[in-house]
$ cat data_39.tsv   # TSV, C-alpha atoms
chain	number	residue	atom	x	y	z
A	863	MET	CA	123.81	92.78	106.62
A	864	ASP	CA	120.77	92.82	108.88
A	865	PHE	CA	117.92	91.12	107.00
A	866	SER	CA	115.52	91.80	109.87
A	867	LYS	CA	115.22	95.28	108.31
A	868	LEU	CA	113.01	93.62	105.72
A	869	TYR	CA	110.34	92.30	108.07
A	870	ARG	CA	110.72	93.63	111.64
A	871	PRO	CA	108.19	96.48	112.02
A	872	SER	CA	110.44	98.58	114.24
A	873	ALA	CA	113.28	98.39	111.67
A	874	LEU	CA	111.25	99.40	108.59
A	875	ASN	CA	111.81	102.79	107.06
A	876	SER	CA	109.02	105.10	105.89
A	877	TYR	CA	109.03	103.78	102.33
A	878	GLN	CA	108.67	100.18	103.46
A	879	PHE	CA	105.93	101.05	105.94
A	880	ILE	CA	103.95	103.02	103.35
A	881	ALA	CA	104.35	100.20	100.82
A	882	ILE	CA	103.13	97.51	103.23
A	883	THR	CA	100.19	99.67	104.29
A	884	GLY	CA	99.37	100.28	100.63
A	885	LEU	CA	99.52	96.58	99.84
A	886	ILE	CA	97.19	95.74	102.73
A	887	MET	CA	94.71	98.51	101.89
A	888	SER	CA	94.74	97.69	98.16
A	889	GLY	CA	94.19	94.02	98.97
A	890	ALA	CA	91.26	94.88	101.22
A	891	ALA	CA	89.76	97.13	98.53
A	892	HIS	CA	90.24	94.39	95.96
A	893	VAL	CA	88.39	91.87	98.16
A	894	ILE	CA	85.54	94.33	98.79
A	895	LEU	CA	85.22	95.13	95.09
A	896	HIS	CA	85.30	91.47	94.12
A	897	PHE	CA	82.92	90.00	96.69
A	898	PHE	CA	80.56	92.85	97.53
A	899	VAL	CA	80.46	95.10	94.48
A	900	HIS	CA	81.07	92.27	91.98
A	901	ARG	CA	83.18	94.54	89.84
A	902	THR	CA	86.84	94.98	89.05
A	903	LEU	CA	88.53	98.16	87.96
A	904	PRO	CA	90.80	98.19	84.93
A	905	GLY	CA	94.41	98.77	85.91
A	906	PHE	CA	93.81	98.09	89.61
A	907	ASP	CA	96.48	95.38	89.59
A	908	TRP	CA	99.13	97.99	88.77
A	909	LEU	CA	98.79	99.22	92.36
A	910	TYR	CA	100.43	96.02	93.54
A	911	VAL	CA	103.34	96.59	91.17
A	912	CYS	CA	103.77	100.15	92.46
A	913	TRP	CA	103.61	99.14	96.13
A	914	THR	CA	106.08	96.31	95.54
A	915	ALA	CA	108.50	98.64	93.73
A	916	LEU	CA	108.26	101.15	96.58
A	917	TYR	CA	108.98	98.38	99.09
A	918	VAL	CA	112.01	97.18	97.11
A	919	ILE	CA	113.41	100.71	96.84
A	920	GLY	CA	112.83	101.30	100.55
A	921	SER	CA	114.44	97.97	101.40
A	922	LEU	CA	117.53	98.76	99.36
A	923	MET	CA	117.80	102.13	101.06
A	924	ASN	CA	117.37	100.49	104.45
A	925	LEU	CA	119.90	97.72	103.83
A	926	PHE	CA	122.60	99.66	102.02
A	927	GLY	CA	122.09	103.19	103.34
A	928	LYS	CA	124.31	104.76	105.92
A	929	PRO	CA	123.47	103.66	109.44
A	930	SER	CA	121.89	106.46	111.38
A	931	GLU	CA	124.46	108.50	113.20
A	932	ASP	CA	124.17	109.23	116.87
A	933	HIS	CA	122.55	112.55	117.58
A	934	HIS	CA	125.43	114.12	119.47
A	935	HIS	CA	125.78	117.84	119.30
A	936	HIS	CA	129.32	119.12	119.51
A	937	HIS	CA	129.77	122.75	120.47

$ encode --input "data_39.tsv" --output "structure tokens"
Amino acid sequence: MDFSKLYRPSALNSYQFIAITGLIMSGAAHVILHFFVHRTLPGFDWLYVCWTALYVIGSLMNLFGKPSEDHHHHH
């Protein structure tokens, strides 16, 4: 099992990439809301749960899914 599929950017699948991007953007929005707007939104923390769940699902698909087949066309 290749655990580098969990952290190496070139080995991430779309779900993992979207989840990491979402976590980073949500974190940045959280910091801006906290320090500059001085306000928090109710339920905002649930975004982190959703992004984490998406990352876990993507990781399971990446680790246990079928390895990509070679793109050979047989005629």

$ closest_residue --input "data_39.tsv" --among "A:Ile919, A:Leu903, A:Cys912, A:Leu868" --to "Leu885 in chain A" --atoms "all atoms listed in the file"
A:Cys912

$ residues_around --input "data_39.tsv" --residues "Trp913 in chain A" --least-positions-apart "3" --cutoff "8 Å" --atoms "all atoms listed in the file" --output "mmCIF file with C-alpha atoms, in the frame of the given file"
data_model
loop_
_atom_site.group_PDB
_atom_site.id
_atom_site.type_symbol
_atom_site.label_atom_id
_atom_site.label_comp_id
_atom_site.auth_asym_id
_atom_site.auth_seq_id
_atom_site.Cartn_x
_atom_site.Cartn_y
_atom_site.Cartn_z
ATOM 1 C CA ALA A 881 104.350 100.200 100.820
ATOM 2 C CA ILE A 882 103.130 97.510 103.230
ATOM 3 C CA GLY A 884 99.370 100.280 100.630
ATOM 4 C CA LEU A 885 99.520 96.580 99.840
ATOM 5 C CA LEU A 909 98.790 99.220 92.360
ATOM 6 C CA TYR A 910 100.430 96.020 93.540
ATOM 7 C CA LEU A 916 108.260 101.150 96.580
ATOM 8 C CA TYR A 917 108.980 98.380 99.090
#

$ closest_residue --input "data_39.tsv" --among "A:Ala891, A:Val899, A:Leu874, A:Met863" --to "Gly920 in chain A" --atoms "all atoms listed in the file"
A:Leu874

$ residues_around --input "data_39.tsv" --residues "Arg870 in chain A" --least-positions-apart "6" --cutoff "12 Å" --atoms "all atoms listed in the file" --output "PDB file with C-alpha atoms, keeping the file's coordinate frame"
ATOM      1  CA  ASP A 864     120.770  92.820 108.880  1.00  0.00           C
ATOM      2  CA  GLN A 878     108.670 100.180 103.460  1.00  0.00           C
ATOM      3  CA  PHE A 879     105.930 101.050 105.940  1.00  0.00           C
ATOM      4  CA  ILE A 882     103.130  97.510 103.230  1.00  0.00           C
ATOM      5  CA  SER A 921     114.440  97.970 101.400  1.00  0.00           C
ATOM      6  CA  ASN A 924     117.370 100.490 104.450  1.00  0.00           C
TER       7      ASN A 924
END

$ atom_distance --input "data_39.tsv" --atom1 "CA of Val911 in chain A" --atom2 "CA of Ser888 in chain A"
11.1 Å

$ atom_distance --input "data_39.tsv" --atom1 "CA of Met923 in chain A" --atom2 "CA of Gly905 in chain A"
28.1 Å

$ decode --input "data_39.tsv" --residues "range 905-932 of chain A" --atoms "N, CA and C atoms" --output "CSV table (one decimal), in the first residue's frame"
chain,number,residue,atom,x,y,z
A,905,GLY,N,-22.4,27.5,12.6
A,905,GLY,CA,-22.3,26.3,11.7
A,905,GLY,C,-21.1,26.3,10.8
A,906,PHE,N,-20.3,27.3,10.9
A,906,PHE,CA,-19.1,27.4,10.0
A,906,PHE,C,-18.2,26.2,10.3
A,907,ASP,N,-18.1,25.8,11.5
A,907,ASP,CA,-17.2,24.7,11.8
A,907,ASP,C,-17.6,23.4,11.1
A,908,TRP,N,-18.8,23.2,10.7
A,908,TRP,CA,-19.2,22.0,10.0
A,908,TRP,C,-18.5,21.9,8.6
A,909,LEU,N,-18.0,23.0,8.1
A,909,LEU,CA,-17.3,22.9,6.9
A,909,LEU,C,-16.0,22.0,7.0
A,910,TYR,N,-15.4,22.2,8.2
A,910,TYR,CA,-14.2,21.3,8.4
A,910,TYR,C,-14.5,19.9,8.5
A,911,VAL,N,-15.7,19.5,9.0
A,911,VAL,CA,-16.1,18.2,9.1
A,911,VAL,C,-16.4,17.6,7.7
A,912,CYS,N,-17.0,18.4,6.9
A,912,CYS,CA,-17.3,18.0,5.5
A,912,CYS,C,-16.1,17.9,4.6
A,913,TRP,N,-15.1,18.8,4.8
A,913,TRP,CA,-13.9,18.7,4.0
A,913,TRP,C,-13.1,17.5,4.4
A,914,THR,N,-13.1,17.2,5.7
A,914,THR,CA,-12.3,16.1,6.3
A,914,THR,C,-13.0,14.8,5.8
A,915,ALA,N,-14.3,14.7,5.8
A,915,ALA,CA,-15.0,13.5,5.3
A,915,ALA,C,-14.7,13.3,3.8
A,916,LEU,N,-14.7,14.4,3.0
A,916,LEU,CA,-14.4,14.2,1.6
A,916,LEU,C,-13.0,13.7,1.4
A,917,TYR,N,-12.0,14.2,2.2
A,917,TYR,CA,-10.6,13.8,2.1
A,917,TYR,C,-10.5,12.3,2.5
A,918,VAL,N,-11.2,11.9,3.5
A,918,VAL,CA,-11.1,10.5,3.9
A,918,VAL,C,-11.7,9.6,2.8
A,919,ILE,N,-12.9,10.0,2.3
A,919,ILE,CA,-13.5,9.2,1.2
A,919,ILE,C,-12.5,9.1,0.0
A,920,GLY,N,-12.0,10.3,-0.4
A,920,GLY,CA,-11.0,10.3,-1.5
A,920,GLY,C,-9.8,9.5,-1.3
A,921,SER,N,-9.3,9.5,0.0
A,921,SER,CA,-8.1,8.7,0.3
A,921,SER,C,-8.4,7.2,0.2
A,922,LEU,N,-9.6,6.8,0.7
A,922,LEU,CA,-9.9,5.4,0.6
A,922,LEU,C,-10.0,5.0,-0.8
A,923,MET,N,-10.6,5.8,-1.7
A,923,MET,CA,-10.7,5.5,-3.1
A,923,MET,C,-9.3,5.4,-3.7
A,924,ASN,N,-8.4,6.3,-3.3
A,924,ASN,CA,-7.1,6.3,-3.9
A,924,ASN,C,-6.3,5.1,-3.4
A,925,LEU,N,-6.4,4.8,-2.2
A,925,LEU,CA,-5.6,3.7,-1.6
A,925,LEU,C,-6.1,2.3,-2.1
A,926,PHE,N,-7.4,2.1,-2.1
A,926,PHE,CA,-8.0,0.8,-2.3
A,926,PHE,C,-8.6,0.6,-3.7
A,927,GLY,N,-8.7,1.7,-4.5
A,927,GLY,CA,-9.3,1.6,-5.8
A,927,GLY,C,-8.3,0.9,-6.8
A,928,LYS,N,-8.9,0.6,-7.9
A,928,LYS,CA,-8.1,-0.1,-8.9
A,928,LYS,C,-7.0,0.8,-9.4
A,929,PRO,N,-5.8,0.3,-9.6
A,929,PRO,CA,-4.7,1.2,-10.2
A,929,PRO,C,-5.1,1.5,-11.6
A,930,SER,N,-4.7,2.7,-12.0
A,930,SER,CA,-5.1,3.1,-13.3
A,930,SER,C,-4.5,2.2,-14.4
A,931,GLU,N,-5.3,1.8,-15.3
A,931,GLU,CA,-4.8,0.9,-16.3
A,931,GLU,C,-4.0,1.7,-17.4
A,932,ASP,N,-3.1,1.1,-18.1
A,932,ASP,CA,-2.4,1.7,-19.2
A,932,ASP,C,-3.4,2.1,-20.3
